[in-house]
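Remarks on the structure that follows.
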Amino acid sequence: MALATTGSAQGDPKTYQISAQVKRYTLMDLGFTKTKNGNFQLERSLDPNSPFTAANKLKITFKADLSAFQMSVTTGNGLKALNIFKDARNADNVEQYHYIIAELIERQVLEDL
């Protein structure tokens, strides 16, 4: 998946865009790390019981100049994209996903479209 100005995780009915107020230091405060090529990446476990065991995780990557991003829910090793919204057994993961997205919206990193 390529970086774009809008995006959503596979199966998520909502689409998000980059907030005009996004700042590098806000990304760093939220746990984004800088990659080798200068991008900012966040990987969060969607397991509400333990942040250390990740069967599924949310990955968000921002371009170095904060002009584009991508987001996806992946398996624990990060190799395969998943749709956690289609199965009722993933209700806890969906709740954790919405919690993380709500924090990003509150901190003016993302906006609802």
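Chain identifiers are assigned as A, B, and so on, following the order in which chains appear in the structure tokens; residues are numbered from 1 within each chain, and ligands are numbered from 1 in order of appearance.
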Just want the 12 Å neighbourhood of Pro13 of chain A, counted on only C-alpha atoms, with same-chain residues fewer than 5 positions away dropped. Output as a PDB file with N, CA and C atoms, in the first residue's frame.
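In the end it all went to around-v3.pdb:
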ATOM      1  N   GLY A   7      -6.597   7.674   4.243  1.00  0.00           N
ATOM      2  CA  GLY A   7      -6.456   6.231   4.347  1.00  0.00           C
ATOM      3  C   GLY A   7      -7.290   5.640   5.459  1.00  0.00           C
ATOM      4  N   SER A   8      -7.362   4.325   5.466  1.00  0.00           N
ATOM      5  CA  SER A   8      -8.046   3.591   6.525  1.00  0.00           C
ATOM      6  C   SER A   8      -7.510   2.170   6.540  1.00  0.00           C
ATOM      7  N   ASN A  83      -8.358  -7.970   8.159  1.00  0.00           N
ATOM      8  CA  ASN A  83      -9.604  -7.239   8.317  1.00  0.00           C
ATOM      9  C   ASN A  83     -10.221  -7.709   9.631  1.00  0.00           C
ATOM     10  N   ILE A  84     -10.023  -6.927  10.703  1.00  0.00           N
ATOM     11  CA  ILE A  84     -10.543  -7.308  12.016  1.00  0.00           C
ATOM     12  C   ILE A  84     -12.009  -6.938  12.178  1.00  0.00           C
ATOM     13  N   PHE A  85     -12.572  -6.215  11.229  1.00  0.00           N
ATOM     14  CA  PHE A  85     -13.937  -5.718  11.347  1.00  0.00           C
ATOM     15  C   PHE A  85     -14.986  -6.729  10.895  1.00  0.00           C
ATOM     16  N   LYS A  86     -14.588  -7.795  10.213  1.00  0.00           N
ATOM     17  CA  LYS A  86     -15.572  -8.716   9.656  1.00  0.00           C
ATOM     18  C   LYS A  86     -15.935  -9.869  10.588  1.00  0.00           C
ATOM     19  N   HIS A  98     -10.132   1.446  17.842  1.00  0.00           N
ATOM     20  CA  HIS A  98     -10.861   2.719  17.934  1.00  0.00           C
ATOM     21  C   HIS A  98     -10.288   3.616  19.031  1.00  0.00           C
ATOM     22  N   ASP A 112     -11.235  12.771  10.986  1.00  0.00           N
ATOM     23  CA  ASP A 112     -12.264  12.005  10.287  1.00  0.00           C
ATOM     24  C   ASP A 112     -12.613  12.705   8.986  1.00  0.00           C
ATOM     25  N   LEU A 113     -12.938  11.928   7.988  1.00  0.00           N
ATOM     26  CA  LEU A 113     -13.456  12.504   6.741  1.00  0.00           C
ATOM     27  C   LEU A 113     -14.952  12.382   6.710  1.00  0.00           C
TER      28      LEU A 113
END
Between atom CA of Gly31 of chain A and atom CA of Thr61 of chain A lies a distance of 11.8 Å
Please identify all polymer residues within 8 Å of segment 93-95 of chain A, counting only C-alpha atoms, omitting same-chain residues fewer than 2 positions from it, and present them as a PyMOL selection string.
-> chain A and resi 46-48+56+84-85+90-91+97-99
For Gln70 of chain A, find every residue with an atom within 7 Å (counting only C-alpha atoms), except residues of its own chain fewer than 2 positions away, and show them as a PDB file with C-alpha atoms, in the first residue's frame.
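Output file part.pdb follows:
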ATOM      1  CA  ALA A   2       1.395   3.388  -0.974  1.00  0.00           C
ATOM      2  CA  LEU A   3       1.469   6.465   1.197  1.00  0.00           C
ATOM      3  CA  ALA A   4      -1.465   8.852   0.590  1.00  0.00           C
ATOM      4  CA  GLY A   7      -6.456   6.231   4.347  1.00  0.00           C
ATOM      5  CA  ILE A  60       0.782   3.621  10.848  1.00  0.00           C
ATOM      6  CA  THR A  61       3.553   5.211   8.789  1.00  0.00           C
ATOM      7  CA  PHE A  62       3.909   8.931   8.039  1.00  0.00           C
ATOM      8  CA  SER A  72      -3.081  -1.119   8.320  1.00  0.00           C
TER       9      SER A  72
END
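In this comparison, which uses only C-alpha atoms, the residue of A:Ala81, A:Gln108, A:Ala64, A:Ser19 approaching Lys36 of chain A most closely is A:Ala64.
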Residues at most 12 Å from Ser67 of chain A, counting only C-alpha atoms, excluding those fewer than 4 positions away in the same chain, as a list of chain:residue names?
-> A:Leu3, A:Ala4, A:Thr5, A:Thr6, A:Gln17, A:Ile18, A:Ser19, A:Ala20, A:Gln21, A:Val22, A:Lys23, A:Arg24, A:Asn39, A:Phe40, A:Thr61, A:Phe62, A:Lys63, A:Val109, A:Leu110
Take the residues from that selection and write them out as a PDB file, in the first residue's frame, keeping N, CA and C atoms.
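The resulting selection-v2.pdb:
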ATOM      1  N   LEU A   3       1.815   5.360   0.317  1.00  0.00           N
ATOM      2  CA  LEU A   3       1.469   6.465   1.197  1.00  0.00           C
ATOM      3  C   LEU A   3       0.531   7.419   0.463  1.00  0.00           C
ATOM      4  N   ALA A   4      -0.483   7.944   1.184  1.00  0.00           N
ATOM      5  CA  ALA A   4      -1.465   8.852   0.590  1.00  0.00           C
ATOM      6  C   ALA A   4      -1.910   9.865   1.636  1.00  0.00           C
ATOM      7  N   THR A   5      -2.665  10.868   1.206  1.00  0.00           N
ATOM      8  CA  THR A   5      -3.142  11.892   2.144  1.00  0.00           C
ATOM      9  C   THR A   5      -4.355  11.425   2.935  1.00  0.00           C
ATOM     10  N   THR A   6      -5.042  10.395   2.458  1.00  0.00           N
ATOM     11  CA  THR A   6      -6.165   9.808   3.191  1.00  0.00           C
ATOM     12  C   THR A   6      -5.957   8.301   3.263  1.00  0.00           C
ATOM     13  N   GLN A  17      -7.810  11.424   7.370  1.00  0.00           N
ATOM     14  CA  GLN A  17      -6.849  12.240   6.648  1.00  0.00           C
ATOM     15  C   GLN A  17      -5.877  12.845   7.649  1.00  0.00           C
ATOM     16  N   ILE A  18      -4.775  13.345   7.156  1.00  0.00           N
ATOM     17  CA  ILE A  18      -3.776  13.979   8.012  1.00  0.00           C
ATOM     18  C   ILE A  18      -4.323  15.316   8.481  1.00  0.00           C
ATOM     19  N   SER A  19      -4.196  15.581   9.770  1.00  0.00           N
ATOM     20  CA  SER A  19      -4.619  16.862  10.327  1.00  0.00           C
ATOM     21  C   SER A  19      -3.653  17.957   9.870  1.00  0.00           C
ATOM     22  N   ALA A  20      -4.180  19.138   9.647  1.00  0.00           N
ATOM     23  CA  ALA A  20      -3.343  20.272   9.252  1.00  0.00           C
ATOM     24  C   ALA A  20      -2.427  20.705  10.403  1.00  0.00           C
ATOM     25  N   GLN A  21      -2.765  20.336  11.637  1.00  0.00           N
ATOM     26  CA  GLN A  21      -1.991  20.732  12.810  1.00  0.00           C
ATOM     27  C   GLN A  21      -0.952  19.689  13.239  1.00  0.00           C
ATOM     28  N   VAL A  22      -0.750  18.638  12.471  1.00  0.00           N
ATOM     29  CA  VAL A  22       0.182  17.581  12.875  1.00  0.00           C
ATOM     30  C   VAL A  22       1.611  18.128  12.968  1.00  0.00           C
ATOM     31  N   LYS A  23       2.302  17.701  14.033  1.00  0.00           N
ATOM     32  CA  LYS A  23       3.679  18.135  14.267  1.00  0.00           C
ATOM     33  C   LYS A  23       4.554  16.912  14.526  1.00  0.00           C
ATOM     34  N   ARG A  24       5.821  17.029  14.193  1.00  0.00           N
ATOM     35  CA  ARG A  24       6.764  15.927  14.408  1.00  0.00           C
ATOM     36  C   ARG A  24       6.861  15.551  15.887  1.00  0.00           C
ATOM     37  N   ASN A  39      11.021   8.322   7.712  1.00  0.00           N
ATOM     38  CA  ASN A  39       9.582   8.262   7.973  1.00  0.00           C
ATOM     39  C   ASN A  39       9.328   8.039   9.458  1.00  0.00           C
ATOM     40  N   PHE A  40       8.083   8.278   9.872  1.00  0.00           N
ATOM     41  CA  PHE A  40       7.677   8.048  11.254  1.00  0.00           C
ATOM     42  C   PHE A  40       6.730   6.859  11.276  1.00  0.00           C
ATOM     43  N   THR A  61       2.300   4.621   9.252  1.00  0.00           N
ATOM     44  CA  THR A  61       3.553   5.211   8.789  1.00  0.00           C
ATOM     45  C   THR A  61       3.262   6.569   8.160  1.00  0.00           C
ATOM     46  N   PHE A  62       3.992   7.590   8.611  1.00  0.00           N
ATOM     47  CA  PHE A  62       3.909   8.931   8.039  1.00  0.00           C
ATOM     48  C   PHE A  62       5.175   9.196   7.241  1.00  0.00           C
ATOM     49  N   LYS A  63       5.013   9.837   6.093  1.00  0.00           N
ATOM     50  CA  LYS A  63       6.141  10.265   5.282  1.00  0.00           C
ATOM     51  C   LYS A  63       6.959  11.281   6.090  1.00  0.00           C
ATOM     52  N   VAL A 109      -3.441  14.497  15.055  1.00  0.00           N
ATOM     53  CA  VAL A 109      -2.597  13.818  14.086  1.00  0.00           C
ATOM     54  C   VAL A 109      -3.434  13.417  12.887  1.00  0.00           C
ATOM     55  N   LEU A 110      -4.627  12.885  13.159  1.00  0.00           N
ATOM     56  CA  LEU A 110      -5.570  12.484  12.117  1.00  0.00           C
ATOM     57  C   LEU A 110      -6.889  13.213  12.283  1.00  0.00           C
TER      58      LEU A 110
END
Measuring atom to atom with only C-alpha atoms, identify which of A:Ala9, A:Met28, A:Ile100, A:Leu79 is nearest to Arg44 of chain A.
-> A:Ile100
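Proximity of A:Leu27, A:Glu43, A:Gly11, A:Leu58 to Gln96 of chain A, computed with only C-alpha atoms, is greatest for A:Leu58.
Here atom CA of Thr26 of chain A stands at a distance of 25.8 Å from atom CA of Thr53 of chain A.
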Could you tell me, as a ChimeraX atom specification, which residues of chain A DSSP assigns to strand (DSSP E or B) when given the backbone?
-> /A:4,6-7,16-18,33-34,40-45,56-62,69-75,81,110-112
Writing out the chosen residues with N, CA and C atoms as a CSV table (one decimal), in the first residue's frame:
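After the write, again_14.csv holds the following:
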chain,number,residue,atom,x,y,z
A,4,ALA,N,-0.5,7.9,1.2
A,4,ALA,CA,-1.5,8.9,0.6
A,4,ALA,C,-1.9,9.9,1.6
A,6,THR,N,-5.0,10.4,2.5
A,6,THR,CA,-6.2,9.8,3.2
A,6,THR,C,-6.0,8.3,3.3
A,7,GLY,N,-6.6,7.7,4.2
A,7,GLY,CA,-6.5,6.2,4.3
A,7,GLY,C,-7.3,5.6,5.5
A,16,TYR,N,-9.7,8.4,7.1
A,16,TYR,CA,-9.0,9.4,7.9
A,16,TYR,C,-8.1,10.2,7.0
A,17,GLN,N,-7.8,11.4,7.4
A,17,GLN,CA,-6.8,12.2,6.6
A,17,GLN,C,-5.9,12.8,7.6
A,18,ILE,N,-4.8,13.3,7.2
A,18,ILE,CA,-3.8,14.0,8.0
A,18,ILE,C,-4.3,15.3,8.5
A,33,THR,N,8.3,6.1,15.9
A,33,THR,CA,9.8,6.1,15.8
A,33,THR,C,10.2,6.5,14.4
A,34,LYS,N,11.4,7.0,14.3
A,34,LYS,CA,11.9,7.4,13.0
A,34,LYS,C,12.5,6.1,12.3
A,40,PHE,N,8.1,8.3,9.9
A,40,PHE,CA,7.7,8.0,11.3
A,40,PHE,C,6.7,6.9,11.3
A,41,GLN,N,7.0,5.9,12.2
A,41,GLN,CA,6.2,4.7,12.2
A,41,GLN,C,5.7,4.3,13.6
A,42,LEU,N,4.5,3.9,13.7
A,42,LEU,CA,3.9,3.5,15.0
A,42,LEU,C,3.4,2.1,14.8
A,43,GLU,N,3.7,1.2,15.7
A,43,GLU,CA,3.2,-0.1,15.8
A,43,GLU,C,2.7,-0.4,17.2
A,44,ARG,N,1.4,-0.6,17.2
A,44,ARG,CA,0.7,-0.9,18.5
A,44,ARG,C,-0.1,-2.2,18.5
A,45,SER,N,0.1,-2.9,19.6
A,45,SER,CA,-0.7,-4.2,19.8
A,45,SER,C,-2.2,-3.8,19.9
A,56,ASN,N,-2.5,-9.3,16.7
A,56,ASN,CA,-2.8,-8.3,15.6
A,56,ASN,C,-2.2,-7.0,16.1
A,57,LYS,N,-1.7,-6.2,15.2
A,57,LYS,CA,-1.3,-4.9,15.5
A,57,LYS,C,-1.6,-3.8,14.5
A,58,LEU,N,-1.7,-2.6,14.9
A,58,LEU,CA,-1.9,-1.5,14.1
A,58,LEU,C,-0.6,-0.9,13.7
A,59,LYS,N,-0.4,-0.7,12.4
A,59,LYS,CA,0.8,0.0,11.9
A,59,LYS,C,0.4,1.2,11.1
A,60,ILE,N,1.0,2.3,11.5
A,60,ILE,CA,0.8,3.6,10.8
A,60,ILE,C,2.1,4.2,10.5
A,61,THR,N,2.3,4.6,9.3
A,61,THR,CA,3.6,5.2,8.8
A,61,THR,C,3.3,6.6,8.2
A,62,PHE,N,4.0,7.6,8.6
A,62,PHE,CA,3.9,8.9,8.0
A,62,PHE,C,5.2,9.2,7.2
A,69,PHE,N,0.5,9.4,4.5
A,69,PHE,CA,0.6,8.3,5.5
A,69,PHE,C,-0.1,7.0,5.0
A,70,GLN,N,0.1,6.0,5.7
A,70,GLN,CA,-0.7,4.7,5.4
A,70,GLN,C,-0.9,4.1,6.8
A,71,MET,N,-2.0,3.3,6.8
A,71,MET,CA,-2.3,2.6,8.1
A,71,MET,C,-2.9,1.2,7.7
A,72,SER,N,-2.6,0.2,8.5
A,72,SER,CA,-3.1,-1.1,8.3
A,72,SER,C,-3.1,-1.9,9.6
A,73,VAL,N,-3.9,-2.9,9.7
A,73,VAL,CA,-3.9,-3.9,10.8
A,73,VAL,C,-3.2,-5.1,10.2
A,74,THR,N,-2.2,-5.6,10.9
A,74,THR,CA,-1.5,-6.7,10.4
A,74,THR,C,-1.4,-7.8,11.5
A,75,THR,N,-0.9,-9.0,11.0
A,75,THR,CA,-0.6,-10.1,12.0
A,75,THR,C,0.5,-9.6,12.9
A,81,ALA,N,-1.7,-8.2,6.0
A,81,ALA,CA,-2.8,-7.3,6.4
A,81,ALA,C,-4.0,-8.1,6.7
A,110,LEU,N,-4.6,12.9,13.2
A,110,LEU,CA,-5.6,12.5,12.1
A,110,LEU,C,-6.9,13.2,12.3
A,111,GLU,N,-7.7,13.2,11.2
A,111,GLU,CA,-9.0,13.8,11.2
A,111,GLU,C,-10.0,12.8,10.5
A,112,ASP,N,-11.2,12.8,11.0
A,112,ASP,CA,-12.3,12.0,10.3
A,112,ASP,C,-12.6,12.7,9.0
List every residue of chain A that DSSP, applied to the backbone, labels as alpha helix (DSSP H), and write the result as a ChimeraX atom specification.
-> /A:24-29,91-106
